[in-house]
>>> print(open('entry.pdb').read())   # PDB, C-alpha atoms
MODEL        1
ATOM      1  CA  MET A   1       4.257   4.259   6.153
ATOM      2  CA  VAL A   2       5.563   7.700   5.273
ATOM      3  CA  LEU A   3       7.520   8.189   2.087
ATOM      4  CA  ASP A   4      10.972   9.735   2.331
ATOM      5  CA  SER A   5      10.538  11.911  -0.733
ATOM      6  CA  HIS A   6      14.219  12.773  -1.071
ATOM      7  CA  GLU A   7      15.246   9.126  -0.881
ATOM      8  CA  PHE A   8      12.525   8.264  -3.398
ATOM      9  CA  MET A   9      13.757  10.996  -5.744
ATOM     10  CA  THR A  10      17.314   9.669  -5.537
ATOM     11  CA  ARG A  11      16.130   6.116  -6.172
ATOM     12  CA  MET A  12      14.013   7.131  -9.159
ATOM     13  CA  ALA A  13      16.826   9.242 -10.632
ATOM     14  CA  ARG A  14      19.093   6.200 -10.420
ATOM     15  CA  ARG A  15      16.436   3.879 -11.811
ATOM     16  CA  THR A  16      15.628   6.102 -14.804
ATOM     17  CA  ASN A  17      19.280   7.032 -15.335
ATOM     18  CA  PHE A  18      18.528  10.732 -14.883
ATOM     19  CA  THR A  19      22.081  12.040 -15.214
ATOM     20  CA  PRO A  20      23.852  15.325 -14.366
ATOM     21  CA  GLU A  21      23.960  15.896 -18.125
ATOM     22  CA  ASP A  22      20.167  15.623 -18.280
ATOM     23  CA  ARG A  23      19.907  18.194 -15.484
ATOM     24  CA  ALA A  24      22.216  20.594 -17.277
ATOM     25  CA  ILE A  25      20.288  20.234 -20.541
ATOM     26  CA  LEU A  26      16.973  20.898 -18.805
ATOM     27  CA  GLN A  27      18.264  23.913 -16.898
ATOM     28  CA  ALA A  28      19.686  25.378 -20.097
ATOM     29  CA  SER A  29      16.173  25.172 -21.582
ATOM     30  CA  ALA A  30      14.307  26.481 -18.532
ATOM     31  CA  ASP A  31      13.146  29.675 -20.277
ATOM     32  CA  TRP A  32      11.809  27.645 -23.167
ATOM     33  CA  GLY A  33      10.034  25.409 -20.683
ATOM     34  CA  LEU A  34       8.316  28.383 -19.079
ATOM     35  CA  GLU A  35       7.392  29.750 -22.493
ATOM     36  CA  ILE A  36       5.606  26.593 -23.637
ATOM     37  CA  ALA A  37       4.130  25.680 -20.222
ATOM     38  CA  PRO A  38       0.757  27.471 -20.822
ATOM     39  CA  ASP A  39       0.353  25.675 -24.166
ATOM     40  CA  MET A  40       1.093  22.347 -22.496
ATOM     41  CA  ALA A  41      -1.457  23.176 -19.812
ATOM     42  CA  ASP A  42      -4.035  23.911 -22.523
ATOM     43  CA  ALA A  43      -3.362  20.590 -24.244
ATOM     44  CA  PHE A  44      -3.421  18.757 -20.939
ATOM     45  CA  TYR A  45      -6.706  20.203 -19.722
ATOM     46  CA  THR A  46      -8.346  19.874 -23.123
ATOM     47  CA  TYR A  47      -7.508  16.194 -23.004
ATOM     48  CA  MET A  48      -8.761  15.886 -19.426
ATOM     49  CA  GLY A  49     -11.925  17.815 -20.210
ATOM     50  CA  ASN A  50     -12.803  15.339 -22.953
ATOM     51  CA  ASP A  51     -12.966  12.566 -20.376
ATOM     52  CA  GLU A  52     -16.352  12.688 -18.668
ATOM     53  CA  GLU A  53     -15.106  11.325 -15.353
ATOM     54  CA  MET A  54     -12.043  13.556 -15.269
ATOM     55  CA  ASN A  55     -14.042  16.587 -16.286
ATOM     56  CA  ALA A  56     -16.390  16.021 -13.345
ATOM     57  CA  ILE A  57     -13.462  15.814 -10.912
ATOM     58  CA  LEU A  58     -11.778  18.911 -12.320
ATOM     59  CA  ASN A  59     -14.940  20.996 -12.088
ATOM     60  CA  GLU A  60     -16.205  19.638  -8.793
ATOM     61  CA  SER A  61     -15.578  22.882  -6.952
ATOM     62  CA  GLU A  62     -15.456  26.452  -8.142
ATOM     63  CA  GLY A  63     -12.044  27.591  -9.236
ATOM     64  CA  ARG A  64     -10.466  24.150  -8.910
ATOM     65  CA  ILE A  65      -9.522  23.864 -12.574
ATOM     66  CA  HIS A  66      -8.044  27.362 -12.492
ATOM     67  CA  ARG A  67      -5.875  26.497  -9.483
ATOM     68  CA  LEU A  68      -4.840  23.176 -10.997
ATOM     69  CA  ARG A  69      -3.918  24.897 -14.248
ATOM     70  CA  GLU A  70      -1.688  27.334 -12.380
ATOM     71  CA  THR A  71      -0.069  24.454 -10.544
ATOM     72  CA  PHE A  72       0.474  22.675 -13.857
ATOM     73  CA  VAL A  73       2.381  25.636 -15.310
ATOM     74  CA  GLU A  74       4.598  25.824 -12.211
ATOM     75  CA  TRP A  75       5.076  22.046 -12.189
ATOM     76  CA  PHE A  76       6.038  22.013 -15.851
ATOM     77  CA  HIS A  77       8.573  24.813 -15.440
ATOM     78  CA  GLU A  78      10.074  23.172 -12.347
ATOM     79  CA  MET A  79      10.907  20.082 -14.378
ATOM     80  CA  PHE A  80      13.362  22.310 -16.232
ATOM     81  CA  THR A  81      14.714  24.335 -13.325
ATOM     82  CA  GLY A  82      14.895  21.422 -10.887
ATOM     83  CA  MET A  83      14.172  23.962  -8.083
ATOM     84  CA  ASP A  84      17.085  22.980  -5.810
ATOM     85  CA  ASP A  85      18.883  20.839  -8.394
ATOM     86  CA  TRP A  86      16.224  18.129  -8.067
ATOM     87  CA  GLY A  87      16.921  17.884  -4.334
ATOM     88  CA  THR A  88      14.732  17.878  -1.234
ATOM     89  CA  ASP A  89      12.543  20.848  -2.239
ATOM     90  CA  TYR A  90      11.868  19.303  -5.633
ATOM     91  CA  ALA A  91      11.071  15.918  -4.088
ATOM     92  CA  ASP A  92       8.799  17.419  -1.418
ATOM     93  CA  ARG A  93       6.924  19.428  -4.012
ATOM     94  CA  ARG A  94       6.398  16.301  -6.193
ATOM     95  CA  TRP A  95       5.166  14.405  -3.171
ATOM     96  CA  ARG A  96       2.709  17.206  -2.341
ATOM     97  CA  ILE A  97       1.466  17.243  -5.934
ATOM     98  CA  GLY A  98       0.931  13.491  -5.612
ATOM     99  CA  LEU A  99      -1.082  14.047  -2.432
ATOM    100  CA  ILE A 100      -3.249  16.640  -4.153
ATOM    101  CA  HIS A 101      -4.029  14.107  -6.898
ATOM    102  CA  VAL A 102      -5.072  11.567  -4.282
ATOM    103  CA  ARG A 103      -7.176  14.133  -2.413
ATOM    104  CA  VAL A 104      -9.130  15.219  -5.471
ATOM    105  CA  GLY A 105      -9.617  11.606  -6.602
ATOM    106  CA  ILE A 106      -7.294  11.478  -9.587
ATOM    107  CA  GLY A 107      -5.972   7.918  -9.652
ATOM    108  CA  PRO A 108      -3.365   6.040 -11.695
ATOM    109  CA  GLN A 109      -5.928   5.241 -14.399
ATOM    110  CA  HIS A 110      -6.258   8.991 -15.027
ATOM    111  CA  VAL A 111      -2.692  10.116 -14.445
ATOM    112  CA  VAL A 112      -0.881   7.693 -16.759
ATOM    113  CA  PRO A 113      -2.753   8.590 -19.969
ATOM    114  CA  ALA A 114      -2.686  12.275 -18.976
ATOM    115  CA  MET A 115       1.086  12.178 -18.539
ATOM    116  CA  ALA A 116       1.355  10.402 -21.902
ATOM    117  CA  THR A 117      -0.507  13.361 -23.396
ATOM    118  CA  VAL A 118       2.038  15.775 -21.922
ATOM    119  CA  VAL A 119       4.973  13.704 -23.179
ATOM    120  CA  ASN A 120       3.407  13.497 -26.633
ATOM    121  CA  GLU A 121       2.652  17.236 -26.791
ATOM    122  CA  VAL A 122       6.135  18.175 -25.634
ATOM    123  CA  GLY A 123       7.611  15.730 -28.161
ATOM    124  CA  GLN A 124       5.722  17.381 -30.998
ATOM    125  CA  ARG A 125       6.813  20.821 -29.809
ATOM    126  CA  LEU A 126      10.438  19.737 -29.531
ATOM    127  CA  ARG A 127      10.389  18.377 -33.079
ATOM    128  CA  SER A 128       8.624  21.386 -34.548
ATOM    129  CA  GLU A 129      11.169  23.729 -32.944
ATOM    130  CA  GLY A 130      14.145  21.569 -33.889
ATOM    131  CA  LYS A 131      15.203  20.869 -30.307
ATOM    132  CA  SER A 132      17.737  18.172 -29.547
ATOM    133  CA  ASP A 133      17.068  14.501 -28.873
ATOM    134  CA  GLU A 134      19.010  14.922 -25.642
ATOM    135  CA  LEU A 135      16.477  17.453 -24.358
ATOM    136  CA  HIS A 136      13.670  15.121 -25.382
ATOM    137  CA  ASP A 137      15.265  12.225 -23.495
ATOM    138  CA  ALA A 138      15.979  14.299 -20.385
ATOM    139  CA  LEU A 139      12.421  15.591 -20.333
ATOM    140  CA  SER A 140      11.004  12.091 -20.783
ATOM    141  CA  ARG A 141      13.025  10.859 -17.842
ATOM    142  CA  ILE A 142      11.988  13.626 -15.470
ATOM    143  CA  CYS A 143       8.351  13.184 -16.561
ATOM    144  CA  MET A 144       8.584   9.504 -15.628
ATOM    145  CA  ILE A 145      10.075  10.376 -12.241
ATOM    146  CA  ASP A 146       7.249  12.807 -11.566
ATOM    147  CA  LEU A 147       4.734  10.206 -12.671
ATOM    148  CA  ALA A 148       6.304   7.723 -10.259
ATOM    149  CA  PHE A 149       5.785  10.232  -7.426
ATOM    150  CA  ILE A 150       2.092  10.585  -8.203
ATOM    151  CA  GLU A 151       1.592   6.840  -8.524
ATOM    152  CA  GLN A 152       3.516   6.179  -5.332
ATOM    153  CA  ALA A 153       1.504   8.792  -3.445
ATOM    154  CA  TYR A 154      -1.681   6.975  -4.387
ATOM    155  CA  LEU A 155      -0.304   3.676  -3.180
ATOM    156  CA  GLU A 156       1.140   5.104   0.037
ATOM    157  CA  ILE A 157      -1.998   6.974   1.011
ATOM    158  CA  SER A 158      -4.286   4.042   0.211
ATOM    159  CA  THR A 159      -2.064   1.669   2.166
ATOM    160  CA  ALA A 160      -1.766   4.048   5.114
ATOM    161  CA  ALA A 161      -5.565   4.376   5.249
ATOM    162  CA  VAL A 162      -6.060   0.593   5.269
ATOM    163  CA  LEU A 163      -3.385   0.090   7.934
ATOM    164  CA  LYS A 164      -4.872   2.835  10.091
ATOM    165  CA  GLU A 165      -8.413   1.479   9.890
ATOM    166  CA  THR A 166      -7.566  -2.208  10.319
ATOM    167  CA  GLY A 167      -4.554  -2.075  12.623
ATOM    168  CA  TRP A 168      -2.769  -4.490  10.262
ATOM    169  CA  THR A 169       0.985  -4.387  10.081
ATOM    170  CA  GLU A 170       2.564  -3.344   6.803
ATOM    171  CA  LYS A 171       4.171  -6.777   6.432
ATOM    172  CA  LEU A 172       0.816  -8.486   6.927
ATOM    173  CA  PHE A 173      -0.826  -6.221   4.363
ATOM    174  CA  LYS A 174       1.888  -6.928   1.804
ATOM    175  CA  ARG A 175       1.598 -10.649   2.513
ATOM    176  CA  MET A 176      -2.147 -10.531   1.938
ATOM    177  CA  ILE A 177      -1.656  -8.675  -1.349
ATOM    178  CA  ALA A 178       0.934 -11.232  -2.464
ATOM    179  CA  THR A 179      -1.187 -14.249  -1.509
ATOM    180  CA  GLY A 180      -4.299 -12.619  -2.955
ATOM    181  CA  ALA A 181      -2.503 -11.896  -6.218
ATOM    182  CA  ALA A 182      -1.183 -15.460  -6.357
ATOM    183  CA  ALA A 183      -4.695 -16.823  -5.802
ATOM    184  CA  SER A 184      -6.078 -14.618  -8.604
ATOM    185  CA  THR A 185      -3.648 -15.819 -11.268
TER     186      THR A 185
ATOM    187  CA  MET B   1      16.207 -17.228  24.741
ATOM    188  CA  ALA B   2      15.214 -18.769  21.392
ATOM    189  CA  ILE B   3      11.625 -19.836  20.897
ATOM    190  CA  ASN B   4      11.265 -23.605  21.108
ATOM    191  CA  LEU B   5       9.282 -24.304  17.943
ATOM    192  CA  GLU B   6       9.444 -28.042  18.450
ATOM    193  CA  LYS B   7       7.687 -27.726  21.772
ATOM    194  CA  ILE B   8       5.122 -25.317  20.338
ATOM    195  CA  SER B   9       4.353 -27.792  17.545
ATOM    196  CA  ALA B  10       4.009 -30.579  20.089
ATOM    197  CA  ILE B  11       1.535 -28.512  22.147
ATOM    198  CA  LEU B  12      -0.522 -27.791  19.032
ATOM    199  CA  GLN B  13      -0.541 -31.427  17.915
ATOM    200  CA  ASN B  14      -1.468 -32.588  21.380
ATOM    201  CA  PHE B  15      -4.216 -29.955  21.600
ATOM    202  CA  VAL B  16      -5.730 -31.032  18.277
ATOM    203  CA  SER B  17      -5.533 -34.752  18.932
ATOM    204  CA  SER B  18      -6.698 -34.722  22.544
ATOM    205  CA  THR B  19      -9.495 -32.112  22.487
ATOM    206  CA  ASN B  20     -12.865 -33.395  21.358
ATOM    207  CA  ASP B  21     -14.139 -32.048  18.033
ATOM    208  CA  VAL B  22     -11.086 -29.865  17.380
ATOM    209  CA  GLN B  23     -10.074 -30.119  13.734
ATOM    210  CA  GLY B  24      -7.014 -27.922  13.580
ATOM    211  CA  ALA B  25      -4.934 -25.219  15.244
ATOM    212  CA  ALA B  26      -2.270 -22.742  14.301
ATOM    213  CA  LEU B  27      -0.032 -20.230  16.013
ATOM    214  CA  VAL B  28       0.860 -17.248  13.840
ATOM    215  CA  THR B  29       2.697 -13.948  14.187
ATOM    216  CA  PRO B  30       0.886 -10.559  14.028
ATOM    217  CA  ASP B  31       2.488 -10.205  10.580
ATOM    218  CA  GLY B  32       0.605 -13.323   9.473
ATOM    219  CA  LEU B  33       3.520 -15.752   9.386
ATOM    220  CA  PRO B  34       2.920 -19.290  10.625
ATOM    221  CA  LEU B  35       4.923 -20.317  13.701
ATOM    222  CA  ALA B  36       3.364 -23.763  13.906
ATOM    223  CA  ALA B  37       0.224 -25.318  12.480
ATOM    224  CA  THR B  38      -1.793 -28.524  12.495
ATOM    225  CA  LEU B  39      -4.511 -27.855   9.967
ATOM    226  CA  PRO B  40      -6.986 -30.036   8.079
ATOM    227  CA  GLY B  41      -5.730 -31.233   4.679
ATOM    228  CA  GLY B  42      -6.321 -28.820   1.823
ATOM    229  CA  MET B  43      -5.994 -25.677   3.926
ATOM    230  CA  ASP B  44      -3.233 -23.319   2.852
ATOM    231  CA  GLU B  45      -1.135 -22.631   5.945
ATOM    232  CA  GLU B  46       0.172 -19.317   4.602
ATOM    233  CA  ARG B  47      -3.265 -17.963   3.771
ATOM    234  CA  VAL B  48      -4.828 -19.195   6.989
ATOM    235  CA  SER B  49      -2.037 -17.498   8.944
ATOM    236  CA  ALA B  50      -2.432 -14.179   7.144
ATOM    237  CA  MET B  51      -6.216 -14.264   7.565
ATOM    238  CA  SER B  52      -5.948 -15.109  11.256
ATOM    239  CA  ALA B  53      -3.607 -12.223  11.986
ATOM    240  CA  ALA B  54      -5.714  -9.876   9.880
ATOM    241  CA  MET B  55      -8.936 -10.868  11.604
ATOM    242  CA  LEU B  56      -7.659 -10.567  15.149
ATOM    243  CA  SER B  57      -6.089  -7.220  14.385
ATOM    244  CA  LEU B  58      -9.261  -5.953  12.764
ATOM    245  CA  GLY B  59     -11.283  -7.291  15.695
ATOM    246  CA  GLU B  60      -9.071  -5.406  18.124
ATOM    247  CA  ARG B  61      -9.521  -2.263  16.061
ATOM    248  CA  ILE B  62     -13.296  -2.710  16.031
ATOM    249  CA  GLY B  63     -13.248  -3.426  19.767
ATOM    250  CA  GLY B  64     -11.455  -0.150  20.354
ATOM    251  CA  GLU B  65     -13.711   1.834  18.065
ATOM    252  CA  LEU B  66     -16.871   0.401  19.615
ATOM    253  CA  ALA B  67     -15.535   0.800  23.158
ATOM    254  CA  ARG B  68     -15.525  -2.948  23.895
ATOM    255  CA  GLY B  69     -12.232  -2.885  25.749
ATOM    256  CA  SER B  70      -9.390  -5.253  24.954
ATOM    257  CA  ILE B  71     -10.427  -8.209  22.841
ATOM    258  CA  ASP B  72      -9.909 -11.702  24.308
ATOM    259  CA  ARG B  73     -11.076 -13.730  21.334
ATOM    260  CA  ILE B  74     -12.963 -13.666  18.081
ATOM    261  CA  TYR B  75     -15.502 -16.280  17.047
ATOM    262  CA  VAL B  76     -16.407 -17.220  13.548
ATOM    263  CA  GLU B  77     -19.457 -19.461  13.703
ATOM    264  CA  GLY B  78     -20.517 -21.225  10.544
ATOM    265  CA  ASN B  79     -23.056 -23.965   9.939
ATOM    266  CA  THR B  80     -20.322 -26.609   9.995
ATOM    267  CA  GLY B  81     -18.202 -25.356  12.856
ATOM    268  CA  TYR B  82     -16.198 -22.683  14.594
ATOM    269  CA  GLY B  83     -13.037 -20.734  14.077
ATOM    270  CA  ILE B  84     -11.764 -19.161  17.273
ATOM    271  CA  LEU B  85      -8.955 -16.642  17.377
ATOM    272  CA  THR B  86      -7.257 -15.849  20.658
ATOM    273  CA  SER B  87      -4.519 -13.346  21.300
ATOM    274  CA  CYS B  88      -1.503 -15.196  22.640
ATOM    275  CA  SER B  89       0.810 -12.471  23.943
ATOM    276  CA  GLU B  90       1.800  -9.548  21.719
ATOM    277  CA  ASP B  91       3.769 -11.861  19.483
ATOM    278  CA  ALA B  92       1.253 -14.444  18.413
ATOM    279  CA  VAL B  93      -2.324 -15.314  17.510
ATOM    280  CA  PHE B  94      -3.802 -18.730  18.302
ATOM    281  CA  LEU B  95      -6.343 -20.130  15.840
ATOM    282  CA  VAL B  96      -8.540 -23.107  16.659
ATOM    283  CA  LEU B  97     -10.896 -24.831  14.245
ATOM    284  CA  ALA B  98     -13.636 -26.968  15.760
ATOM    285  CA  SER B  99     -16.659 -28.824  14.442
ATOM    286  CA  GLN B 100     -20.221 -27.803  15.212
ATOM    287  CA  ALA B 101     -20.462 -30.605  17.743
ATOM    288  CA  ALA B 102     -17.802 -29.027  19.983
ATOM    289  CA  LYS B 103     -18.909 -28.092  23.473
ATOM    290  CA  GLN B 104     -18.030 -24.425  23.743
ATOM    291  CA  GLY B 105     -17.347 -24.324  27.483
ATOM    292  CA  LEU B 106     -14.938 -27.229  27.262
ATOM    293  CA  LEU B 107     -13.349 -25.831  24.152
ATOM    294  CA  LEU B 108     -12.727 -22.418  25.734
ATOM    295  CA  LEU B 109     -11.221 -24.035  28.790
ATOM    296  CA  GLU B 110      -8.855 -26.101  26.654
ATOM    297  CA  ILE B 111      -7.929 -23.014  24.617
ATOM    298  CA  LYS B 112      -7.190 -21.105  27.820
ATOM    299  CA  ARG B 113      -4.887 -23.900  29.001
ATOM    300  CA  ALA B 114      -3.109 -24.124  25.665
ATOM    301  CA  VAL B 115      -2.646 -20.345  25.504
ATOM    302  CA  THR B 116      -1.112 -20.309  29.002
ATOM    303  CA  GLU B 117       1.332 -22.999  27.929
ATOM    304  CA  LEU B 118       2.145 -21.285  24.642
ATOM    305  CA  LYS B 119       2.667 -17.907  26.306
ATOM    306  CA  THR B 120       5.386 -19.317  28.557
ATOM    307  CA  LEU B 121       7.220 -20.579  25.484
ATOM    308  CA  LEU B 122       6.919 -17.247  23.696
ATOM    309  CA  GLN B 123       8.364 -15.179  26.560
TER     310      GLN B 123
ENDMDL
END
>>> encode(input="entry.pdb", output="structure tokens")
Amino acid sequence: MVLDSHEFMTRMARRTNFTPEDRAILQASADWGLEIAPDMADAFYTYMGNDEEMNAILNESEGRIHRLRETFVEWFHEMFTGMDDWGTDYADRRWRIGLIHVRVGIGPQHVVPAMATVVNEVGQRLRSEGKSDELHDALSRICMIDLAFIEQAYLEISTAAVLKETGWTEKLFKRMIATGAAAST
Amino acid sequence: MAINLEKISAILQNFVSSTNDVQGAALVTPDGLPLAATLPGGMDEERVSAMSAAMLSLGERIGGELARGSIDRIYVEGNTGYGILTSCSEDAVFLVLASQAAKQGLLLLEIKRAVTELKTLLQ
């Protein structure tokens, strides 16, 4: 089970209605995005640091938080530039970021509230600087797409590990999840 | 050639009714879908099928990891009876449920016969 990141990106763009207009608005604000990225990183890691479990993960090895912070700034700016117009490079990079989250043990329970913090911080910044609602909407959509990548990476990697260790087919695994879920409700 | 499900069902029913102390049997795909089943009342055919496929597959994986060679069958022995899973070609798993009173030698022989018959229908 290997995710086709480009196909996933296309599907998510369609699902969130991430339009060419959104892309143009984001690209037009790319410099602004880069300018506020360090502040967003500060807000993000302050939030994460206040969570005992997250703080332990972030500081597990020397220099990890520094590297992650640098990645955050790049990630944030790329949401505006779209790298290759939100194409294959963008999708591959989002997938790799998702894999890093899985590797360091940051799961959906951590990522969703953390992403909400970013969206909230950016929203406040947009309002305080009198930016347009259109930019706010475009940014919200691309944030949700990026969040979907991270969530999907967690699911894909967990599933792949189970399938590898058990020899189960993907269809069997999905059937067991469905019957297990039905039995639990 | 299409798989003759009617004949498979007949083999299963005959196996259950004519083999001493056998309480049920099912033939399922490696994806855990039932092909045919004659199970005791109250057992969920879908769940039993998924579990059977999962267990045989896991058993094969364990067999490989522990260098036990290819796995012929898996036993589940409880205080009220047995569950025996046998690989039946690459396309199916044969599950047999038997009571504690079942004579294992006889049971294995009957399973072997049934599997041979089923395999010809699955080809």
>>> interface_residues(input="entry.pdb", of="chain A", to="chain B", cutoff="10 Å", atoms="all atoms listed in the file", output="list in words")
Leu163, Lys164, Glu165, Thr166, Gly167, Trp168, Thr169, Glu170, Lys171, Leu172, Phe173, Lys174, Arg175, Met176, Thr179, Gly180 and Ala183 of chain A
>>> resolve_selection(input="entry.pdb", expression="the PyMOL selection byres ((chain B and resi 103-106) around 12)", output="list in words")
Thr19, Asn20, Asp21, Val22, Tyr75, Glu77, Gly81, Tyr82, Gly83, Ile84, Val96, Leu97, Ala98, Ser99, Gln100, Ala101, Ala102, Leu107, Leu108, Leu109, Glu110, Ile111, Lys112 and Arg113 of chain B
>>> atom_distance(input="entry.pdb", atom1="CA of Arg68 (chain B)", atom2="CA of Leu118 (chain B)")
25.5 Å
>>> resolve_selection(input="entry.pdb", expression="the PyMOL selection byres ((chain B and resi 119) around 12)", output="CSV table (one decimal) with C-alpha atoms, in the coordinates of the input")
chain,number,residue,atom,x,y,z
B,3,ILE,CA,11.6,-19.8,20.9
B,4,ASN,CA,11.3,-23.6,21.1
B,7,LYS,CA,7.7,-27.7,21.8
B,8,ILE,CA,5.1,-25.3,20.3
B,11,ILE,CA,1.5,-28.5,22.1
B,27,LEU,CA,0.0,-20.2,16.0
B,86,THR,CA,-7.3,-15.8,20.7
B,87,SER,CA,-4.5,-13.3,21.3
B,88,CYS,CA,-1.5,-15.2,22.6
B,89,SER,CA,0.8,-12.5,23.9
B,90,GLU,CA,1.8,-9.5,21.7
B,91,ASP,CA,3.8,-11.9,19.5
B,92,ALA,CA,1.3,-14.4,18.4
B,93,VAL,CA,-2.3,-15.3,17.5
B,94,PHE,CA,-3.8,-18.7,18.3
B,111,ILE,CA,-7.9,-23.0,24.6
B,112,LYS,CA,-7.2,-21.1,27.8
B,113,ARG,CA,-4.9,-23.9,29.0
B,114,ALA,CA,-3.1,-24.1,25.7
B,115,VAL,CA,-2.6,-20.3,25.5
B,116,THR,CA,-1.1,-20.3,29.0
B,117,GLU,CA,1.3,-23.0,27.9
B,118,LEU,CA,2.1,-21.3,24.6
B,120,THR,CA,5.4,-19.3,28.6
B,121,LEU,CA,7.2,-20.6,25.5
B,122,LEU,CA,6.9,-17.2,23.7
B,123,GLN,CA,8.4,-15.2,26.6
>>> closest_residue(input="entry.pdb", among="A:Glu121, A:His136, A:Ala43, A:Arg141", to="Arg15 (chain A)", atoms="only C-alpha atoms")
A:Arg141
>>> resolve_selection(input="entry.pdb", expression="the PyMOL selection byres ((chain A and resi 32) around 12)", output="list in words")
Ile25, Leu26, Gln27, Ala28, Ser29, Ala30, Asp31, Gly33, Leu34, Glu35, Ile36, Ala37, Pro38, Asp39, Met40, Phe76, His77, Glu78, Met79, Phe80, Thr81, Val122, Arg125, Leu126, Glu129, Lys131 and Leu135 of chain A
>>> residues_around(input="entry.pdb", residues="Cys143 (chain A)", least_positions_apart="2", cutoff="12 Å", atoms="all atoms listed in the file", output="PyMOL selection string")
chain A and resi 12-13+16+18+26+75-80+82+94+111-112+114-120+122-123+136-141+145-150
>>> atom_distance(input="entry.pdb", atom1="CA of Arg127 (chain A)", atom2="CA of Asp42 (chain A)")
18.7 Å
>>> atom_distance(input="entry.pdb", atom1="CA of Val73 (chain A)", atom2="CA of Met48 (chain A)")
15.4 Å
